[in-house]
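K.L.:
Following this message is one structure expressed as structure tokens.
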Amino acid sequence: MESWTSVTGCEANSMPMKSIIRVENLSKQYRLGRRRVPYATLRDKLAEAARAPFKSFRGNGDREEETIWALRDVNFEVKPGEVLGVIGRNGAGKSTLLKVLSRVTEPTSGQVDLFGRVGSLLEVGTGFHGELSGRDNIFLNGAILGMRRAEILRKFDEIVAFAEVEKFIDTPVKHYSSGMYTRLAFSVAAHLESEIILVDEVLAVGDANFQNKCLGKLEEVGSQGRTVLFISHSMQMILRLCSRVMLLEGGHLIEDGTPTIVAKRYLHPENGSPAERIWDDPQSAPGDSVARLKAVRVRDQHGRVAHTVDISQPLSVEVEYWNLQANIRPTAILHFVDEYGHCLFSTGELNSDTWGLRTLEPGFVRAVCNVPGHFLAEGTIFLLAAVCSYNPNDVHALERDAVSFQVVDRTSGEGVRSIYVGDWPGLMRPMLDWRAEYLGKLISHQDGTNRK
């Protein structure tokens, strides 16, 4: 029978509903600016009374209290097996939401119902005791989740192997590096048998190989029917992992829907298309005293700003920037990154004749990169835009996820797919020339084999 918990402390009075998480009118308020008055001695009180006999004995040293709503009237439900991404700017309320769901903090008002055991990975080392060894912390976390010792033992070797801490499993975790801490904490949260897994922006601590390993594990967990809530600022990770995304802003839930649509609103809340990004003010644009970005945009074969591009058609990317100094010839650089976080390729204008002939005077520059059709694989492509000097290490302006666009491969027309509709692996998808010829009928032999 499914376990039932609620952060409000209510007891279950009915069978669980279809949702594994139900949040109703959730709000969380924090107090800011409160200065605690030091405790006064009897001597201090007597002296104060002598100076002001008609004043109250109560001190008035507190500043006026200020409050902030980290969450305000948030409502949503999560079905079993969903992988839900939570995105938003810093201070939007993402981490507060996961802390309320994991019962680290209580809500100010509202109701949260959880129909299952919760495994949390909110920050490096959450739930670990520094004086205990890695082995002891695995059993401690399992016990907190209500698991039997036999259940934990069954998963123990798999947890340690995934975390790659075999040599240090009996060492107190206070001696672990941040990477070891993260690997073990994630491995425990992902492998122990909790129905709900809450993951905050902790994967940023690990290296690229570890991040990919963790994402693969979360994909596996989601395919097993367990529910995952995942916070990340990386849209590549969100788009790879999540089937649904919520956008928080100022503590309010402002959009809940498909990953590409919600990510588009998050990345470009003011512009009409995520395929175009403009900085009107050089002072606030990304860059330094040498160069600053002016605009980045993706255009289709007709010259229109386009968020969706047919796989068979060419496209172009414009990078506009201010060259602010004389005798320096900056160059535009682009990194094409897919939704899984892989850098497909990088390119720059260094090999262009126009770059070598351009004046060294300060001014406004527009660099255009042309990408042929039948080159990129279908999916969401993110562009990192930068402006560098001769040495690529001299980066003057850089904007990650500057713009994004969608490559669509169709099962009709000139698409690479033709009639095939399944998954198509590969980072690129060129239209290569194939030749096949009919070489004659098969001849049946007495031994039952067929030969030419």
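Going through the structure tokens in order, the chains are called A, B, and so on, while each chain numbers its residues from 1 and the ligands are numbered from 1 in the order shown.
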Using DSSP on the backbone coordinates, identify all residues within segment 118-268 of chain A classified as helix (DSSP H, G or I); present the result as a CSV table (one decimal) with C-alpha atoms, in the first residue's frame.
P.N.:
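What landed in part-v3.csv:
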chain,number,residue,atom,x,y,z
A,134,GLY,CA,30.0,7.0,3.5
A,135,ARG,CA,28.7,3.5,4.4
A,136,ASP,CA,27.0,4.7,7.5
A,137,ASN,CA,25.4,7.6,5.7
A,138,ILE,CA,23.9,5.3,3.0
A,139,PHE,CA,22.2,3.2,5.7
A,140,LEU,CA,21.1,6.4,7.6
A,141,ASN,CA,19.5,7.9,4.5
A,142,GLY,CA,17.8,4.6,3.8
A,143,ALA,CA,16.4,4.3,7.3
A,144,ILE,CA,15.1,7.9,7.1
A,149,ARG,CA,18.2,-3.0,6.1
A,150,ALA,CA,17.8,-5.8,3.5
A,151,GLU,CA,16.5,-3.3,1.0
A,152,ILE,CA,19.5,-1.0,1.5
A,153,LEU,CA,21.9,-3.9,1.3
A,154,ARG,CA,20.4,-5.0,-2.0
A,155,LYS,CA,21.2,-1.5,-3.5
A,156,PHE,CA,24.5,-0.9,-1.6
A,157,ASP,CA,27.0,-2.1,-4.2
A,158,GLU,CA,25.2,-0.3,-7.0
A,159,ILE,CA,25.2,2.9,-5.0
A,160,VAL,CA,28.9,2.8,-4.3
A,161,ALA,CA,29.9,1.8,-7.8
A,162,PHE,CA,27.9,4.6,-9.3
A,163,ALA,CA,29.4,7.2,-7.0
A,166,GLU,CA,34.8,2.4,-3.3
A,167,LYS,CA,38.2,3.3,-1.7
A,168,PHE,CA,36.7,5.9,0.6
A,173,VAL,CA,32.4,12.1,4.6
A,174,LYS,CA,33.7,15.3,6.1
A,175,HIS,CA,37.0,14.4,4.4
A,178,SER,CA,32.8,18.4,-3.0
A,179,GLY,CA,32.8,16.1,-6.1
A,180,MET,CA,32.9,12.9,-4.0
A,181,TYR,CA,30.2,14.3,-1.7
A,182,THR,CA,28.0,15.1,-4.7
A,183,ARG,CA,28.5,11.8,-6.4
A,184,LEU,CA,27.6,9.8,-3.3
A,185,ALA,CA,24.6,12.0,-2.3
A,186,PHE,CA,23.2,11.8,-5.8
A,187,SER,CA,23.7,8.1,-6.0
A,188,VAL,CA,21.9,7.5,-2.7
A,189,ALA,CA,19.0,9.7,-3.8
A,190,ALA,CA,18.7,8.0,-7.2
A,191,HIS,CA,19.1,4.4,-6.1
A,203,LEU,CA,24.7,18.7,-10.8
A,204,ALA,CA,26.6,21.9,-11.6
A,205,VAL,CA,29.1,20.8,-9.0
A,208,ALA,CA,30.8,17.0,-17.5
A,209,ASN,CA,31.1,13.2,-17.4
A,210,PHE,CA,29.4,13.0,-14.0
A,211,GLN,CA,26.6,15.3,-15.2
A,212,ASN,CA,25.9,13.1,-18.2
A,213,LYS,CA,26.0,10.0,-16.0
A,214,CYS,CA,23.5,11.6,-13.6
A,215,LEU,CA,21.2,12.7,-16.4
A,216,GLY,CA,21.3,9.1,-17.8
A,217,LYS,CA,20.4,7.8,-14.3
A,218,LEU,CA,17.5,10.3,-13.9
A,219,GLU,CA,16.2,9.3,-17.4
A,220,GLU,CA,16.3,5.6,-16.2
A,221,VAL,CA,14.5,6.5,-13.0
A,222,GLY,CA,11.8,8.3,-14.9
A,223,SER,CA,11.3,5.4,-17.3
A,235,MET,CA,18.0,24.5,-20.6
A,236,GLN,CA,19.9,21.7,-22.3
A,237,MET,CA,19.4,19.5,-19.2
A,238,ILE,CA,15.8,20.6,-18.8
A,239,LEU,CA,14.9,19.8,-22.4
A,240,ARG,CA,16.7,16.5,-22.3
A,241,LEU,CA,15.3,15.2,-19.1
A,259,PRO,CA,9.5,22.1,-22.2
A,260,THR,CA,10.2,24.0,-25.4
A,261,ILE,CA,7.4,26.5,-24.9
A,262,VAL,CA,8.2,27.3,-21.3
A,263,ALA,CA,11.9,27.4,-22.0
A,264,LYS,CA,11.2,29.9,-24.8
A,265,ARG,CA,9.4,32.2,-22.4
A,266,TYR,CA,12.1,31.9,-19.7
A,267,LEU,CA,15.0,32.6,-22.1
K.L.:
Could you write out, as an NGL selection string, all the residues of segment 224-429 of chain A that DSSP marks as strand (DSSP E or B)?
P.N.:
:A and (227-231 or 244-249 or 252-257 or 276-278 or 287 or 291-299 or 305 or 308-310 or 315-323 or 331-338 or 343-348 or 363-371 or 376 or 379-388 or 395-408 or 428)
K.L.:
Quick check, in Å to one decimal: how far apart do atom CA of Phe115 of chain A and atom CA of Glu82 of chain A lie?
P.N.:
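Interatomic distance here is 13.8 Å.
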K.L.:
Give me, as JSON lines, each residue of segment 317-342 of chain A that comes within 10 Å of segment 380-384 of chain A, together with its shortest interatomic pair and the distance in Å at one decimal, counting only C-alpha atoms, with rows ordered by chain and rising residue number.
P.N.:
{"residue": "A:Val317", "atom": "CA", "partner": "A:Leu383", "partner_atom": "CA", "distance": 9.3}
{"residue": "A:Ile333", "atom": "CA", "partner": "A:Leu384", "partner_atom": "CA", "distance": 8.1}
{"residue": "A:Leu334", "atom": "CA", "partner": "A:Leu384", "partner_atom": "CA", "distance": 5.6}
{"residue": "A:His335", "atom": "CA", "partner": "A:Leu384", "partner_atom": "CA", "distance": 4.9}
{"residue": "A:Phe336", "atom": "CA", "partner": "A:Leu383", "partner_atom": "CA", "distance": 5.0}
{"residue": "A:Val337", "atom": "CA", "partner": "A:Phe382", "partner_atom": "CA", "distance": 5.1}
{"residue": "A:Asp338", "atom": "CA", "partner": "A:Ile381", "partner_atom": "CA", "distance": 4.7}
{"residue": "A:Glu339", "atom": "CA", "partner": "A:Thr380", "partner_atom": "CA", "distance": 5.5}
{"residue": "A:Tyr340", "atom": "CA", "partner": "A:Thr380", "partner_atom": "CA", "distance": 9.2}
{"residue": "A:Gly341", "atom": "CA", "partner": "A:Phe382", "partner_atom": "CA", "distance": 9.0}
{"residue": "A:His342", "atom": "CA", "partner": "A:Ile381", "partner_atom": "CA", "distance": 9.9}
K.L.:
Pick the closest to Arg244 of chain A from A:Ser316, A:Thr258, A:Asn75, A:Gln301: which is it, counting only C-alpha atoms?
P.N.:
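Of the candidates, the smallest distance to Arg244 of chain A is held by A:Thr258.
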K.L.:
So that I can see what lies close to Ile311 of chain A, please list as a list in words the residues with an atom at most 12 Å from it, counting only C-alpha atoms and leaving out residues fewer than 6 positions away in the same chain.
P.N.:
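Contacts, with the query itself left out: Asp300, Gln301, Val371, Pro372, Gly373, His374, Phe375, Leu376, Ala377, Glu378, Gly379, Thr380, Phe405, Gln406, Val407, Val408, Asp409, Arg410, Thr411, Ser412, Gly413, Glu414, Gly415, Val416, Arg417, Met428, Arg429, Pro430 and Met431 of chain A.
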K.L.:
Please produce an output containing N, CA and C atoms for each residue in the selection, written as a PDB file, in the first residue's frame.
P.N.:
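The resulting again.pdb:
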ATOM      1  N   ASP A 300      15.978  32.285 -41.536  1.00  0.00           N
ATOM      2  CA  ASP A 300      15.766  31.169 -42.453  1.00  0.00           C
ATOM      3  C   ASP A 300      16.243  31.544 -43.850  1.00  0.00           C
ATOM      4  N   GLN A 301      15.977  30.684 -44.823  1.00  0.00           N
ATOM      5  CA  GLN A 301      16.482  30.906 -46.173  1.00  0.00           C
ATOM      6  C   GLN A 301      15.852  32.120 -46.838  1.00  0.00           C
ATOM      7  N   VAL A 371      24.818  28.348 -42.608  1.00  0.00           N
ATOM      8  CA  VAL A 371      24.809  26.910 -42.328  1.00  0.00           C
ATOM      9  C   VAL A 371      23.991  26.228 -43.416  1.00  0.00           C
ATOM     10  N   PRO A 372      24.536  25.215 -44.084  1.00  0.00           N
ATOM     11  CA  PRO A 372      23.797  24.571 -45.175  1.00  0.00           C
ATOM     12  C   PRO A 372      22.660  23.698 -44.654  1.00  0.00           C
ATOM     13  N   GLY A 373      21.731  23.372 -45.538  1.00  0.00           N
ATOM     14  CA  GLY A 373      20.682  22.419 -45.203  1.00  0.00           C
ATOM     15  C   GLY A 373      21.230  21.010 -45.127  1.00  0.00           C
ATOM     16  N   HIS A 374      20.446  20.103 -44.570  1.00  0.00           N
ATOM     17  CA  HIS A 374      20.862  18.705 -44.397  1.00  0.00           C
ATOM     18  C   HIS A 374      22.201  18.607 -43.667  1.00  0.00           C
ATOM     19  N   PHE A 375      22.304  19.352 -42.580  1.00  0.00           N
ATOM     20  CA  PHE A 375      23.564  19.368 -41.836  1.00  0.00           C
ATOM     21  C   PHE A 375      23.327  19.098 -40.358  1.00  0.00           C
ATOM     22  N   LEU A 376      22.428  19.872 -39.731  1.00  0.00           N
ATOM     23  CA  LEU A 376      22.124  19.705 -38.315  1.00  0.00           C
ATOM     24  C   LEU A 376      21.081  18.612 -38.118  1.00  0.00           C
ATOM     25  N   ALA A 377      21.160  17.923 -36.966  1.00  0.00           N
ATOM     26  CA  ALA A 377      20.125  16.958 -36.605  1.00  0.00           C
ATOM     27  C   ALA A 377      18.907  17.699 -36.072  1.00  0.00           C
ATOM     28  N   GLU A 378      17.750  17.025 -36.104  1.00  0.00           N
ATOM     29  CA  GLU A 378      16.553  17.663 -35.579  1.00  0.00           C
ATOM     30  C   GLU A 378      16.665  17.827 -34.065  1.00  0.00           C
ATOM     31  N   GLY A 379      15.948  18.809 -33.538  1.00  0.00           N
ATOM     32  CA  GLY A 379      15.975  19.087 -32.110  1.00  0.00           C
ATOM     33  C   GLY A 379      16.217  20.560 -31.853  1.00  0.00           C
ATOM     34  N   THR A 380      16.374  20.904 -30.595  1.00  0.00           N
ATOM     35  CA  THR A 380      16.620  22.290 -30.202  1.00  0.00           C
ATOM     36  C   THR A 380      18.118  22.568 -30.203  1.00  0.00           C
ATOM     37  N   PHE A 405      16.959  27.754 -31.554  1.00  0.00           N
ATOM     38  CA  PHE A 405      16.038  27.487 -32.650  1.00  0.00           C
ATOM     39  C   PHE A 405      15.796  25.991 -32.737  1.00  0.00           C
ATOM     40  N   GLN A 406      14.741  25.636 -33.439  1.00  0.00           N
ATOM     41  CA  GLN A 406      14.315  24.254 -33.546  1.00  0.00           C
ATOM     42  C   GLN A 406      14.521  23.768 -34.980  1.00  0.00           C
ATOM     43  N   VAL A 407      15.222  22.637 -35.116  1.00  0.00           N
ATOM     44  CA  VAL A 407      15.392  22.005 -36.426  1.00  0.00           C
ATOM     45  C   VAL A 407      14.363  20.891 -36.542  1.00  0.00           C
ATOM     46  N   VAL A 408      13.592  20.905 -37.613  1.00  0.00           N
ATOM     47  CA  VAL A 408      12.496  19.950 -37.798  1.00  0.00           C
ATOM     48  C   VAL A 408      12.800  19.070 -39.007  1.00  0.00           C
ATOM     49  N   ASP A 409      12.779  17.760 -38.800  1.00  0.00           N
ATOM     50  CA  ASP A 409      12.953  16.785 -39.884  1.00  0.00           C
ATOM     51  C   ASP A 409      11.601  16.138 -40.138  1.00  0.00           C
ATOM     52  N   ARG A 410      11.138  16.151 -41.359  1.00  0.00           N
ATOM     53  CA  ARG A 410       9.797  15.680 -41.678  1.00  0.00           C
ATOM     54  C   ARG A 410       9.843  14.303 -42.336  1.00  0.00           C
ATOM     55  N   THR A 411       8.719  13.594 -42.236  1.00  0.00           N
ATOM     56  CA  THR A 411       8.623  12.281 -42.865  1.00  0.00           C
ATOM     57  C   THR A 411       8.064  12.378 -44.281  1.00  0.00           C
ATOM     58  N   SER A 412       8.006  13.586 -44.792  1.00  0.00           N
ATOM     59  CA  SER A 412       7.577  13.789 -46.179  1.00  0.00           C
ATOM     60  C   SER A 412       8.433  14.900 -46.773  1.00  0.00           C
ATOM     61  N   GLY A 413       8.386  15.068 -48.049  1.00  0.00           N
ATOM     62  CA  GLY A 413       9.171  16.110 -48.681  1.00  0.00           C
ATOM     63  C   GLY A 413      10.634  15.716 -48.761  1.00  0.00           C
ATOM     64  N   GLU A 414      11.525  16.676 -48.449  1.00  0.00           N
ATOM     65  CA  GLU A 414      12.956  16.457 -48.603  1.00  0.00           C
ATOM     66  C   GLU A 414      13.643  16.116 -47.292  1.00  0.00           C
ATOM     67  N   GLY A 415      12.903  15.695 -46.293  1.00  0.00           N
ATOM     68  CA  GLY A 415      13.506  15.345 -45.019  1.00  0.00           C
ATOM     69  C   GLY A 415      14.390  14.115 -45.122  1.00  0.00           C
ATOM     70  N   VAL A 416      15.322  13.986 -44.193  1.00  0.00           N
ATOM     71  CA  VAL A 416      16.212  12.833 -44.166  1.00  0.00           C
ATOM     72  C   VAL A 416      15.460  11.578 -43.744  1.00  0.00           C
ATOM     73  N   ARG A 417      14.426  11.736 -42.965  1.00  0.00           N
ATOM     74  CA  ARG A 417      13.717  10.598 -42.375  1.00  0.00           C
ATOM     75  C   ARG A 417      13.015   9.727 -43.405  1.00  0.00           C
ATOM     76  N   MET A 428      24.813  15.001 -35.803  1.00  0.00           N
ATOM     77  CA  MET A 428      24.549  15.673 -37.064  1.00  0.00           C
ATOM     78  C   MET A 428      23.676  14.753 -37.914  1.00  0.00           C
ATOM     79  N   ARG A 429      23.061  15.312 -38.959  1.00  0.00           N
ATOM     80  CA  ARG A 429      22.220  14.483 -39.809  1.00  0.00           C
ATOM     81  C   ARG A 429      22.376  14.914 -41.267  1.00  0.00           C
ATOM     82  N   PRO A 430      23.480  14.540 -41.886  1.00  0.00           N
ATOM     83  CA  PRO A 430      23.682  14.916 -43.292  1.00  0.00           C
ATOM     84  C   PRO A 430      22.848  14.055 -44.231  1.00  0.00           C
ATOM     85  N   MET A 431      22.531  14.604 -45.399  1.00  0.00           N
ATOM     86  CA  MET A 431      21.860  13.843 -46.442  1.00  0.00           C
ATOM     87  C   MET A 431      22.948  13.290 -47.360  1.00  0.00           C
TER      88      MET A 431
END
K.L.:
Considering only C-alpha atoms, can you say which of A:Val112, A:Leu360, A:Ala436, A:Ala291 comes closest to Cys388 of chain A?
P.N.:
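Among the listed residues, A:Ala291 lies closest to Cys388 of chain A.
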K.L.:
Pick out the closest residue to Ala332 of chain A from this set: A:Ala385, A:Val296, A:Val290, A:Ala402. Count only C-alpha atoms.
P.N.:
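Checking each candidate against Ala332 of chain A, we get A:Ala385 as the closest.
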K.L.:
Can you tell me, as an mmCIF file with N, CA, C and O atoms, in the first residue's frame, what residues are no more than 6 Å from Thr67 of chain A when counting only C-alpha atoms, ignoring any on the same chain fewer than 4 positions away?
P.N.:
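So around_7.cif came out as:
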data_model
loop_
_atom_site.group_PDB
_atom_site.id
_atom_site.type_symbol
_atom_site.label_atom_id
_atom_site.label_comp_id
_atom_site.auth_asym_id
_atom_site.auth_seq_id
_atom_site.Cartn_x
_atom_site.Cartn_y
_atom_site.Cartn_z
ATOM 1 N N TYR A 30 9.023 34.792 4.350
ATOM 2 C CA TYR A 30 10.194 34.940 5.206
ATOM 3 C C TYR A 30 10.233 36.362 5.766
ATOM 4 O O TYR A 30 9.793 37.315 5.116
ATOM 5 N N ARG A 31 10.768 36.465 6.970
ATOM 6 C CA ARG A 31 10.941 37.780 7.586
ATOM 7 C C ARG A 31 12.358 38.273 7.319
ATOM 8 O O ARG A 31 13.321 37.539 7.478
ATOM 9 N N LEU A 32 12.472 39.531 6.945
ATOM 10 C CA LEU A 32 13.766 40.130 6.650
ATOM 11 C C LEU A 32 13.998 41.334 7.544
ATOM 12 O O LEU A 32 13.060 42.005 7.978
#
K.L.:
Rounded to one decimal in Å, what is the spacing between atom CA of Arg366 of chain A and atom CA of Ala295 of chain A?
P.N.:
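A separation of 8.9 Å between them.
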